[in-house]
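Below: one structure, written as structure tokens.
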Amino acid sequence: MTDDSLTPDEFGDDVLAAEYALGVLTGQTHADAAARARTDPAFAVEVNAWQDRLAALTEAVAPVAPPRGLFKRIRREAFGEARGGFLRQLGIIPAIMGATAAAVVLYATVQLGVFTQPGEPTPTLVAQMVAEDNTLVVAAAYTDDGSLFVERRVGASAPGRVLELWLISGEDAPVSLGVLAQDQVLDQITVPEGLRDRLTGGVLAISDEPQGGSPTGAPTGAVLAVGEIMTL
Amino acid sequence: MTTPDDIEHMILRVGMGDRKAFEALYSATSAKLFGIMLRVLKDRAAAEEVLQDVYLRLWQGGAQTYSAGKASPISWLATIARNRSIDKLRQIRPSTTLDDAPELADPAKGPEALAIAASERAQIFACLDELDPDRSAAVQGAYLDGDTYADLAARFDVPLNTMRTWLRRSLMRLKDCLSR
């Protein structure tokens with residue numbers, strides 16, 4: 001490139017900033033301008049101002065929706081996990097973050113607590129569903145005979161409402177595992193045969209529903225607490 | 001309608017690692033950015049690659065470089081989209097090309113765009129209209145087609161120095177017009 005031999009400046013830094021923002025410079029002239037934009041705050045401000053002025057040119061460009069699958073790829077790479085869109089749509093992913101630590105605690109309590117009476121099967125899967133504000137904590141333990149023990153440790157349903165338990169497996173829509181009892185803290189739920197394989201690697205969630213449970217077969221009220229199912 | 005304030009809020013939340021905000025930002029802005037990328041690159045696969053790269057960078061700390069209230073958040077994102085597209089374009093096509101740029105799309109025909117002051121939109125185009133058509137085309141060509149001085153000199157068949165003088169005067173007139 002021969003930019004170096006261009007006319008000596010009859011213009012000031014302002015126009016250099018414009019040329020740099022526009023991207024027409026090449027070679028040494030470009031390299032010098034780039035170095036100044038990094039080290040000279042006054043020049044950087046000029047460059048920013050020009051970038052904003054020129055960005056208005058993009059207003060003439062029609063928006064185009066990117067392909068549907070693209071965000072899934074971005075998200076997988078950004079978050080480093082494969083779990084699907086459903087949970088995030090509900091906005092409950094942050095609640096999952098503490099689940100691993102919680103499961104360790106739960107493992108100990110499961111071993112010592114109400115779940116493991118002499119002669120009863122040992123849990124193979126556990127989950128702890130915790131509300132973001134800790135107002136609801138529900139522990140669950142699954143034994144290989146198909147029983148899911150669910151213990152409400154903190155909190156209860158709102159007056160006139162019930163708590164409903166859901167299994168979310170991969171990208172699938174949530175499947176109801178039933179409504180939790182209101183008059184006792186411990187439930188024993190028999191997981192339907194067809195759902196047992198989907199527990200591993202899945203997520204349990206609790207939603208707020210009208211009496212009798214969700215009328216639609218999908219969560220209708222707020223998702224109050226969520227926890228990843230951990231393999232022991 | 002998503003407002004610039006909403007977008008700014010999303011960018012700031014993304015800078016703090018808020019995944020929901022990242023998703024909201026993507027759904028509010030990806031069509032605009034993808035449109036810019038396609039316009040610059042004229043190649044879907046390359047545009048998709050740049051889109052993925054831009055949002056990943058935003059997530060991985062890029063959003064933290066945004067200064068609240070300093071500039072329009074939409075201009076900021078559009079600048080990133082345009083600049084990364086130009087980088088990609090030059091990677092694909094390092095040499096000068098003489099292809100004519102397609103006509104700019106009529107903004108009125110596009111889908112609902114992000115909220116931006118109508119006066120601002122009108123102003124840059126009104127100011128470009130005050131320039132000679134060739135010079136207006138040179139500014140827009142540089143911005144959206146990634147033309148360098150060498151490309152522009154070839155396209156308009158003038159010496160490099162002449163091109164540079166032309167464009168610099170045009171840029172100064174543009175600035176004067178925009179600050180009126």
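FYI, nothing fancy with the structure tokens labels: chains A, B, ... in order, residues from 1 per chain, ligands from 1 as they appear.
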
Contact check, chain B to chain A, at most 6 Å, counting only C-alpha atoms, closest pairs as a Markdown table:
```
| residue | atom | partner | partner_atom | distance |
| --- | --- | --- | --- | --- |
| B:Ala31 | CA | A:Ala65 | CA | 4.4 |
| B:Lys32 | CA | A:Pro63 | CA | 4.3 |
| B:Phe34 | CA | A:Val64 | CA | 5.9 |
| B:Gly35 | CA | A:Pro63 | CA | 4.5 |
| B:Gln52 | CA | A:Ile74 | CA | 5.8 |
| B:Leu56 | CA | A:Ala78 | CA | 6.0 |
| B:Ser75 | CA | A:Ala55 | CA | 5.3 |
| B:Thr79 | CA | A:Ala55 | CA | 5.8 |
| B:Ala105 | CA | A:Val61 | CA | 5.7 |
| B:Pro107 | CA | A:Ala60 | CA | 4.6 |
| B:Gly110 | CA | A:Ala62 | CA | 4.6 |
| B:Tyr143 | CA | A:Leu22 | CA | 5.6 |
| B:Thr148 | CA | A:Val24 | CA | 3.8 |
| B:Tyr149 | CA | A:Val24 | CA | 5.2 |
| B:Asn161 | CA | A:Leu6 | CA | 5.7 |
```

Shell of 8 Å around range 174-176 of chain A, only C-alpha atoms, local chain residues under 6 positions omitted, as an NGL selection string = :A and (164-168 or 217-219)

message = At a cut-off of 8 Å, using only C-alpha atoms, what residues contact Ala156 in chain A? Leave out same-chain residues fewer than 5 positions from it and give the result as a PyMOL selection string.
response = chain A and resi 136+163+182

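For the residues A:Leu180, A:Leu204, A:Ala44, A:Val185, ranking by smallest atom-to-atom distance to Leu125 in chain A using only C-alpha atoms places A:Leu204 first.
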
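Residue neighbourhood of Tyr66 in chain B, excluding near-sequence residues (fewer than 4 positions): Ile11, Leu12, Gly62 and Trp76 of chain B, at 8 Å, using only C-alpha atoms.
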
request  = Write out as a PyMOL selection string which residues come within 10 Å of Ser169 in chain A when counting only C-alpha atoms, dropping same-chain ones fewer than 4 positions away.
outcome  = chain A and resi 83-84+86+173-175+195+197-204+229

Kindly save the residues from that selection, with C-alpha atoms included, as a PDB file, in the first residue's frame.
```pdb
ATOM      1  CA  ARG A  83     -29.764 -28.353  28.349  1.00  0.00           C
ATOM      2  CA  GLY A  84     -32.509 -27.026  26.200  1.00  0.00           C
ATOM      3  CA  PHE A  86     -37.536 -24.914  27.937  1.00  0.00           C
ATOM      4  CA  ALA A 173     -42.172 -30.519  27.674  1.00  0.00           C
ATOM      5  CA  PRO A 174     -42.639 -30.966  31.438  1.00  0.00           C
ATOM      6  CA  VAL A 175     -44.541 -34.052  32.531  1.00  0.00           C
ATOM      7  CA  LEU A 195     -41.029 -42.073  32.723  1.00  0.00           C
ATOM      8  CA  ASP A 197     -35.736 -43.812  32.260  1.00  0.00           C
ATOM      9  CA  ARG A 198     -36.165 -40.104  31.783  1.00  0.00           C
ATOM     10  CA  LEU A 199     -35.332 -39.241  35.375  1.00  0.00           C
ATOM     11  CA  THR A 200     -31.579 -39.635  34.975  1.00  0.00           C
ATOM     12  CA  GLY A 201     -30.101 -36.314  33.878  1.00  0.00           C
ATOM     13  CA  GLY A 202     -33.485 -34.634  34.115  1.00  0.00           C
ATOM     14  CA  VAL A 203     -34.788 -31.844  36.274  1.00  0.00           C
ATOM     15  CA  LEU A 204     -37.583 -31.696  38.815  1.00  0.00           C
ATOM     16  CA  ILE A 229     -31.653 -34.860  39.365  1.00  0.00           C
TER      17      ILE A 229
END
```

task = For Ala33 in chain A, list every protein, DNA or RNA residue within 8 Å, evaluated using only C-alpha atoms, and leave out those in the same chain fewer than 4 positions away; present the list as a PyMOL selection string.
result = chain A and resi 16-17+20+29+37

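Nearest residue to Lys72 in chain A, choosing from B:Tyr55, B:Ser136, B:Asp18, B:Ala47 and counting only C-alpha atoms: B:Tyr55.
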
inquiry  = Report, in Å to a single decimal, how far apart CA of Arg180 in chain B and CA of Asn83 in chain B are.
reply    = 27.3 Å

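CA of Leu41 in chain B to CA of Ile92 in chain B spans 9.2 Å [interatomic distance, one decimal].
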
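CA of Ala138 in chain B lies 9.1 Å from CA of Met163 in chain B.
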